file data24.txt (compact mmCIF, C-alpha atoms)
# COMPACT_ATOMS: atom_id res chain seq x y z
CA MET L 462 0.00 0.00 0.00
CA ARG L 463 1.30 3.47 -0.97
CA LYS L 464 2.07 6.13 1.60
CA LEU L 465 0.56 9.59 1.08
CA PRO L 466 2.65 12.67 0.20
CA LYS L 467 3.54 14.57 3.35
CA LYS L 468 2.13 17.80 1.94
CA PHE L 469 -1.37 16.34 2.03
CA LEU L 470 -1.39 14.59 5.39
CA PHE L 471 -2.65 17.75 7.11
CA MET L 472 -5.84 17.60 5.03
CA VAL L 473 -7.30 14.65 6.91
CA PHE L 474 -6.95 15.80 10.50
CA LEU L 475 -10.23 16.47 12.31
CA GLY L 476 -12.26 15.21 9.39
CA GLY L 477 -10.51 17.02 6.53
CA LEU L 478 -10.32 20.48 5.02
CA ILE L 479 -13.62 22.36 5.45
CA VAL L 480 -14.67 24.93 2.84
CA PRO L 481 -17.47 27.24 4.08
CA PRO L 482 -19.90 28.43 1.40
CA ALA L 483 -19.39 32.07 2.40
CA THR L 484 -15.96 31.97 0.80
CA VAL L 485 -17.21 30.52 -2.46
CA ALA L 486 -18.36 32.70 -5.37
CA ASN L 487 -21.79 32.21 -6.86
CA ALA L 488 -21.30 30.46 -10.20
CA ALA L 489 -24.79 31.49 -11.36
CA ASN L 490 -23.54 34.97 -12.27
CA GLY L 491 -22.46 33.77 -15.72
CA PRO L 492 -19.57 31.93 -17.31
CA LYS L 493 -16.24 32.23 -15.52
CA PRO L 494 -12.75 31.94 -16.94
CA LYS L 495 -10.91 28.70 -16.41
CA TRP L 496 -8.69 30.33 -13.79
CA ASP L 497 -9.65 32.91 -11.17
CA ASP L 498 -7.36 33.03 -8.16
CA ASP L 499 -9.68 35.23 -6.09
CA THR L 500 -12.86 33.15 -5.97
CA ILE L 501 -14.13 29.70 -6.80
CA GLY L 502 -17.03 28.71 -9.02
CA THR L 503 -18.64 25.34 -9.63
CA GLU L 504 -16.42 23.02 -11.67
CA VAL L 505 -13.82 25.71 -12.27
CA TRP L 506 -10.14 25.02 -11.55
CA GLU L 507 -9.12 27.57 -8.94
CA ARG L 508 -7.40 28.12 -5.63
CA ILE L 509 -9.34 26.67 -2.73
CA PRO L 510 -10.13 29.54 -0.30
CA GLU L 511 -7.89 30.01 2.74
CA THR L 512 -5.39 27.47 1.39
CA ASN L 513 -2.58 27.24 -1.11
CA LEU L 514 -4.25 24.28 -2.82
CA TYR L 515 -5.84 24.09 -6.24
CA GLY L 516 -8.82 22.06 -7.37
CA GLN L 517 -12.56 22.22 -8.05
CA THR L 518 -15.22 22.89 -5.44
CA PRO L 519 -18.82 21.66 -5.63
CA SER L 520 -20.29 24.69 -3.86
CA SER L 521 -22.95 26.73 -5.65
CA GLY L 522 -22.12 29.97 -3.84
CA PRO L 523 -22.66 31.91 -0.61
CA ASN L 524 -26.32 30.84 -0.40
CA ASP L 525 -25.38 27.18 -0.48
CA PRO L 526 -26.80 25.59 2.73
CA TYR L 527 -23.91 23.13 2.91
CA VAL L 528 -20.29 23.19 3.97
CA TYR L 529 -17.82 20.87 2.29
CA LYS L 530 -14.70 18.97 3.23
CA LEU L 531 -12.09 16.92 1.40
CA GLU L 532 -10.96 13.41 2.24
CA ILE L 533 -8.16 11.58 0.46
CA ALA L 534 -9.70 8.99 -1.84
CA CYS L 535 -9.20 5.29 -1.10
CA GLN L 536 -7.55 5.99 2.26
CA GLY L 537 -7.32 3.20 4.77
CA THR L 538 -7.60 3.64 8.52
CA ASP L 539 -3.79 3.50 8.84
CA GLY L 540 -3.26 6.39 6.41
CA THR L 541 -2.29 4.26 3.42
CA LEU L 542 -4.06 3.92 0.08
CA LEU L 543 -5.96 0.75 -0.72
CA PRO L 544 -4.58 -0.75 -3.97
CA GLU L 545 -7.86 -2.37 -5.02
CA CYS L 546 -9.53 1.05 -4.79
CA THR L 547 -6.83 3.21 -6.39
CA GLN L 548 -6.98 1.33 -9.70
CA ASN L 549 -9.92 3.50 -10.80
CA LEU L 550 -8.61 6.85 -9.54
CA PRO L 551 -7.54 9.66 -11.90
CA SER L 552 -3.81 10.06 -12.45
CA CYS L 553 -3.74 13.65 -11.09
CA ASN L 554 -0.60 14.41 -13.06
CA GLN L 555 -1.38 17.97 -14.17
CA ALA L 556 1.04 19.28 -11.55
CA ALA L 557 3.41 17.97 -8.92
CA ASP L 558 1.99 16.26 -5.82
CA GLY L 559 -1.51 15.74 -7.24
CA VAL L 560 -3.79 13.66 -5.01
CA ALA L 561 -7.25 12.23 -5.70
CA MET L 562 -9.84 13.40 -3.17
CA TYR L 563 -13.50 12.89 -2.28
CA TRP L 564 -15.85 15.75 -1.39
CA TYR L 565 -18.18 15.36 1.59
CA ARG L 566 -20.85 17.80 2.73
CA SER L 567 -22.90 18.63 5.77
CA LEU L 568 -25.62 21.17 6.48
CA ALA L 569 -24.03 24.40 7.68
CA GLY L 570 -24.44 24.98 11.41
CA GLY L 571 -24.95 21.34 12.24
CA SER L 572 -23.49 20.41 15.62
CA PRO L 573 -21.93 18.01 15.30
CA PRO L 574 -21.76 18.03 11.46
CA SER L 575 -23.17 15.02 9.67
CA TRP L 576 -20.89 14.33 6.75
CA THR L 577 -22.11 12.43 3.69
CA PHE L 578 -20.28 11.62 0.48
CA PHE L 579 -21.03 14.20 -2.23
CA SER L 580 -18.70 13.79 -5.25
CA GLY L 581 -15.34 12.65 -6.48
CA PRO L 582 -12.75 11.59 -6.98
CA VAL L 583 -11.28 14.97 -7.96
CA CYS L 584 -7.65 16.04 -8.14
CA ILE L 585 -6.18 18.52 -5.68
CA TYR L 586 -2.76 20.11 -6.22
CA SER L 587 -0.26 21.97 -4.09
CA GLU L 588 0.59 24.18 -7.06
CA LYS L 589 -1.50 25.62 -9.86
CA PRO L 590 -1.90 22.98 -12.58
CA ARG L 591 -0.65 23.92 -16.02
CA ASP L 592 -2.74 23.32 -19.11
CA ILE L 593 -0.17 21.03 -20.70
CA LEU L 594 -2.23 20.39 -23.83
CA ALA L 595 -2.63 24.13 -24.40
CA GLU L 596 1.11 24.65 -23.99
CA ILE L 597 1.86 21.85 -26.42
CA ALA L 598 -0.67 23.27 -28.89
CA ALA L 599 0.95 26.72 -28.70
CA GLN L 600 4.43 25.31 -29.23
CA ILE L 601 3.30 23.11 -32.08
CA SER L 602 1.53 26.05 -33.72
CA HIS L 603 4.79 28.00 -33.53
CA GLU L 604 6.79 25.08 -34.90
CA PHE L 605 4.23 24.65 -37.66
CA GLN L 606 5.00 28.15 -38.92
CA GLN L 607 8.75 27.39 -38.85
CA THR L 608 8.54 23.97 -40.50
CA PRO L 609 10.23 23.77 -43.93
CA ILE L 610 7.13 22.68 -45.81
CA ALA L 611 7.82 21.72 -49.41
CA PRO L 612 5.85 24.06 -51.71
CA ALA L 613 3.56 22.81 -54.43
CA THR L 614 4.84 22.59 -58.00
CA LEU L 615 3.12 24.80 -60.57
CA GLY L 616 2.55 24.01 -64.25
CA SER L 617 0.80 25.58 -67.23
CA GLN L 618 -0.64 24.30 -70.51
CA PRO L 619 0.45 25.66 -72.89
CA GLY L 620 3.70 27.07 -71.55
CA PRO L 621 6.05 28.86 -71.36
CA HIS L 622 4.15 30.53 -74.24
CA THR L 623 0.41 30.93 -74.67
CA LEU L 624 -1.99 32.86 -76.85
CA LEU L 625 -4.06 35.92 -76.06
CA GLY L 626 -7.68 35.02 -75.23
CA GLN L 627 -6.97 31.30 -75.10
CA GLU L 628 -7.64 29.32 -71.93
CA THR L 629 -4.31 28.58 -70.25
CA ASN L 630 -4.59 25.69 -67.84
CA LEU L 631 -2.73 26.26 -64.55
CA HIS L 632 -2.37 23.36 -62.15
CA ALA L 633 -0.69 22.70 -58.80
CA HIS L 634 0.67 19.55 -57.21
CA ALA L 635 1.20 19.39 -53.45
CA THR L 636 1.73 16.42 -51.14
CA GLU L 637 0.93 15.52 -47.55
CA GLN L 638 4.03 15.79 -45.39
CA THR L 639 4.98 14.57 -41.92
CA PHE L 640 7.54 16.18 -39.60
CA ASN L 641 8.85 14.92 -36.28
CA LEU L 642 9.25 17.47 -33.49
CA THR L 643 12.08 16.16 -31.34
CA MET L 644 11.67 18.97 -28.80
CA LEU L 645 8.15 17.73 -27.96
CA GLY L 646 8.39 14.09 -28.94
CA GLN L 647 5.39 14.53 -31.23
CA HIS L 648 4.87 14.71 -34.98
CA ILE L 649 2.95 17.00 -37.31
CA THR L 650 1.10 15.88 -40.40
CA ILE L 651 0.67 18.68 -42.93
CA THR L 652 -1.96 18.42 -45.66
CA PRO L 653 -2.63 20.82 -48.55
CA ALA L 654 -6.11 22.28 -48.11
CA ALA L 655 -6.51 25.18 -50.54
CA TYR L 656 -4.73 27.08 -53.30
CA THR L 657 -4.55 30.72 -54.40
CA PHE L 658 -3.48 31.37 -58.00
CA ASN L 659 -2.13 34.79 -58.95
CA TYR L 660 -2.10 34.96 -62.74
CA GLY L 661 0.28 37.90 -62.90
CA ASP L 662 -2.08 40.26 -64.74
CA GLY L 663 -3.91 41.58 -61.68
CA THR L 664 -6.36 38.68 -61.38
CA THR L 665 -6.38 35.89 -58.80
CA ARG L 666 -8.40 32.80 -58.05
CA GLY L 667 -8.84 31.31 -54.63
CA PRO L 668 -8.42 30.18 -52.04
CA THR L 669 -9.93 27.21 -53.84
CA THR L 670 -9.84 23.57 -52.84
CA SER L 671 -9.16 22.58 -56.46
CA PRO L 672 -5.47 22.34 -57.41
CA GLY L 673 -6.33 21.75 -61.06
CA ALA L 674 -4.83 18.97 -63.15
CA PRO L 675 -2.94 18.53 -66.42
CA LEU L 676 -5.02 18.07 -69.58
CA PRO L 677 -4.35 15.55 -72.36
CA GLU L 678 -2.52 17.08 -75.31
CA ASN L 679 -5.60 16.96 -77.53
CA ARG L 680 -7.64 18.98 -75.01
CA ILE L 681 -5.25 21.86 -74.31
CA GLY L 682 -7.18 25.12 -74.62
CA GLU L 683 -10.28 23.88 -72.79
CA GLN L 684 -11.58 25.83 -69.82
CA THR L 685 -10.89 24.25 -66.42
CA GLN L 686 -11.53 25.21 -62.79
CA THR L 687 -8.09 26.83 -62.59
CA SER L 688 -7.53 28.03 -66.16
CA HIS L 689 -7.24 31.68 -67.18
CA ALA L 690 -7.66 33.59 -70.45
CA TYR L 691 -5.26 36.55 -70.70
CA THR L 692 -6.55 39.80 -72.17
CA THR L 693 -3.14 41.45 -72.61
CA THR L 694 0.02 40.30 -74.28
CA GLY L 695 3.45 40.37 -72.67
CA HIS L 696 5.40 38.64 -69.95
CA HIS L 697 3.48 37.54 -66.86
CA THR L 698 4.77 36.01 -63.63
CA ILE L 699 2.37 33.48 -62.11
CA THR L 700 2.57 32.74 -58.38
CA LEU L 701 0.85 30.08 -56.31
CA THR L 702 0.21 30.03 -52.56
CA THR L 703 -0.72 26.68 -51.03
CA HIS L 704 -2.59 26.76 -47.73
CA PHE L 705 -1.64 23.77 -45.60
CA ASN L 706 -3.58 22.43 -42.61
CA GLY L 707 -1.64 20.81 -39.79
CA HIS L 708 -2.62 18.02 -37.41
CA TYR L 709 -0.72 16.49 -34.52
CA THR L 710 -1.06 13.83 -31.88
CA VAL L 711 0.10 13.86 -28.26
CA ASN L 712 1.49 10.55 -27.03
CA ASN L 713 -0.41 8.61 -29.70
CA GLY L 714 -3.68 10.19 -28.62
CA PRO L 715 -6.45 11.54 -30.88
CA THR L 716 -5.56 13.65 -33.89
CA LEU L 717 -5.79 17.36 -33.03
CA PRO L 718 -5.93 20.27 -35.51
CA ILE L 719 -3.38 23.11 -35.46
CA PRO L 720 -5.37 26.38 -35.33
CA ASP L 721 -3.34 28.30 -37.92
CA GLN L 722 -2.63 27.45 -41.53
CA GLY L 723 0.76 27.40 -43.21
CA HIS L 724 0.82 29.59 -46.33
CA ILE L 725 3.61 28.43 -48.64
CA THR L 726 4.46 30.21 -51.89
CA SER L 727 5.81 28.20 -54.81
CA ALA L 728 8.57 29.29 -57.16
CA PRO L 729 7.14 31.75 -59.74
CA LEU L 730 6.28 30.57 -63.23
CA ASN L 731 7.04 32.87 -66.16
CA LEU L 732 4.59 32.90 -69.05
CA THR L 733 4.67 34.91 -72.29
CA VAL L 734 1.35 35.78 -73.89
CA TRP L 735 1.40 36.26 -77.68
CA ARG L 736 -1.14 37.63 -80.10
CA ALA L 737 -2.04 35.44 -83.11
CA ILE L 738 -2.85 37.16 -86.42
CA THR L 739 -4.63 35.32 -89.27
CA ARG L 740 -4.55 36.70 -92.88
CA ASN L 741 -5.71 35.31 -96.19
CA TYR L 742 -3.47 35.57 -99.25
CA ALA L 743 -4.06 34.66 -102.87
CA GLU L 744 -0.42 34.03 -103.72
CA ASN L 745 0.71 30.50 -104.61
CA CYS L 746 3.89 30.09 -102.59
CA ILE L 747 4.98 27.16 -104.71
CA THR L 748 4.99 29.14 -107.91
CA ASN L 749 5.99 32.41 -106.21
CA PRO L 750 7.97 31.77 -103.03
CA GLN L 751 8.54 35.52 -102.68
CA GLY L 752 4.82 36.34 -102.63
CA THR L 753 3.07 38.11 -99.72
CA GLY L 754 2.49 35.70 -96.90
CA CYS L 755 5.01 33.14 -98.18
call {"tool": "encode", "arguments": {"input": "data24.txt", "output": "structure tokens"}}
result
Amino acid sequence: MRKLPKKFLFMVFLGGLIVPPATVANAANGPKPKWDDDTIGTEVWERIPETNLYGQTPSSGPNDPYVYKLEIACQGTDGTLLPECTQNLPSCNQAADGVAMYWYRSLAGGSPPSWTFFSGPVCIYSEKPRDILAEIAAQISHEFQQTPIAPATLGSQPGPHTLLGQETNLHAHATEQTFNLTMLGQHITITPAAYTFNYGDGTTRGPTTSPGAPLPENRIGEQTQTSHAYTTTGHHTITLTTHFNGHYTVNNGPTLPIPDQGHITSAPLNLTVWRAITRNYAENCITNPQGTGC
């Protein structure tokens, strides 16, 4: 049987730590932040009044007719924990020296008090628990922005030359990528989610979920979801931004999304737009190779 941490032995003398309702804030006043070191609301992680301990109180506020006390869960009469009972207790590992406790209550003013089990087990800590998952999420979000994500490749049909007014098919190719974060012992999976095409003539398309695709040679010039018909001749620089979503797991747990996207720009693609001129001539170039149009 496991001995209790010395820091928590004082909590069981004379029936445990008693929390009077007068020191507990009324949780009916509206939603409270997760942390509030001045008062305690129902099911909110906060400092227990008149102590340096952190946990959750069951009190509903100053009008609550009950007072509450804590008892160490699964405690035997000799101050040790009963192994057969502790198997179902929470791990209480959000901070150092976490201990699983039961809440008991009695009507205020009762002499002597009549304690009955109320709720639990809950975790009580000698220091303010840290939101480890939130810290990991923030670090991973930062690392996500620093990760060397491979940009998508960009292609055009036709290219590097095309004709004025003709549909030029632009298409992107991006892949899912996985990165290991040694500093956190986790890994990020990065998936392309959307694309923004800048056609270099002042027009853009996207973000769109369609990356486009190459056309067969005999279909070049058809309109596609990502094609563009230029209205001016000249040299144009096409750019592509791929918007990646990130996901990560913590200790092989469920897949969690990274709040921010990674916006990765591909290498620019240069395209020259030409004007085609069609003229009819009556000259026979075989008999007169020097004729107009020959």
call {"tool": "residues_around", "arguments": {"input": "data24.txt", "residues": "Ala611 (chain L)", "least_positions_apart": "6", "cutoff": "9 Å", "atoms": "all atoms listed in the file", "output": "PyMOL selection string"}}
result
chain L and resi 635-636+638+725+727
call {"tool": "atom_distance", "arguments": {"input": "data24.txt", "atom1": "CA of Ile649 (chain L)", "atom2": "CA of Ser602 (chain L)"}}
result
9.8 Å
call {"tool": "closest_residue", "arguments": {"input": "data24.txt", "among": "L:Leu730, L:Leu676, L:Cys755, L:Val583", "to": "Glu532 (chain L)", "atoms": "only C-alpha atoms"}}
result
L:Val583
call {"tool": "residues_around", "arguments": {"input": "data24.txt", "residues": "Thr693 (chain L)", "least_positions_apart": "5", "cutoff": "10 Å", "atoms": "all atoms listed in the file", "output": "compact mmCIF listing (two decimals) with C-alpha atoms, in the coordinates of the input"}}
result
# COMPACT_ATOMS: atom_id res chain seq x y z
CA LEU L 624 -1.99 32.86 -76.85
CA LEU L 625 -4.06 35.92 -76.06
CA GLY L 626 -7.68 35.02 -75.23
CA ASP L 662 -2.08 40.26 -64.74
CA VAL L 734 1.35 35.78 -73.89
CA TRP L 735 1.40 36.26 -77.68
CA ARG L 736 -1.14 37.63 -80.10
call {"tool": "closest_residue", "arguments": {"input": "data24.txt", "among": "L:Gly540, L:Leu531, L:Phe578, L:Glu683", "to": "Ala561 (chain L)", "atoms": "all atoms listed in the file"}}
result
L:Leu531
call {"tool": "atom_distance", "arguments": {"input": "data24.txt", "atom1": "CA of Leu542 (chain L)", "atom2": "CA of Trp576 (chain L)"}}
result
20.9 Å
call {"tool": "atom_distance", "arguments": {"input": "data24.txt", "atom1": "CA of Leu717 (chain L)", "atom2": "CA of Phe640 (chain L)"}}
result
14.9 Å
call {"tool": "closest_residue", "arguments": {"input": "data24.txt", "among": "L:Val560, L:Thr694, L:Ser567, L:Thr685", "to": "Asp525 (chain L)", "atoms": "all atoms listed in the file"}}
result
L:Ser567
call {"tool": "closest_residue", "arguments": {"input": "data24.txt", "among": "L:Thr716, L:Asn731, L:Asn706, L:Thr650", "to": "Leu631 (chain L)", "atoms": "all atoms listed in the file"}}
result
L:Asn731
call {"tool": "closest_residue", "arguments": {"input": "data24.txt", "among": "L:Ile738, L:Ala674, L:Leu732, L:Ala599", "to": "Tyr660 (chain L)", "atoms": "all atoms listed in the file"}}
result
L:Leu732
call {"tool": "axis_aligned_box", "arguments": {"input": "data24.txt", "around": "region 538-545 of chain L", "padding_each_side": "8 Å", "output": "JSON"}}
result
{"center_x": -5.1, "center_y": 2.0, "center_z": 1.9, "size_x": 21.6, "size_y": 24.8, "size_z": 29.9}
call {"tool": "residues_around", "arguments": {"input": "data24.txt", "residues": "Ala655 (chain L)", "least_positions_apart": "3", "cutoff": "12 Å", "atoms": "all atoms listed in the file", "output": "ChimeraX atom specification"}}
result
/L:613,633-635,652,658,666-673,701-706,722-725
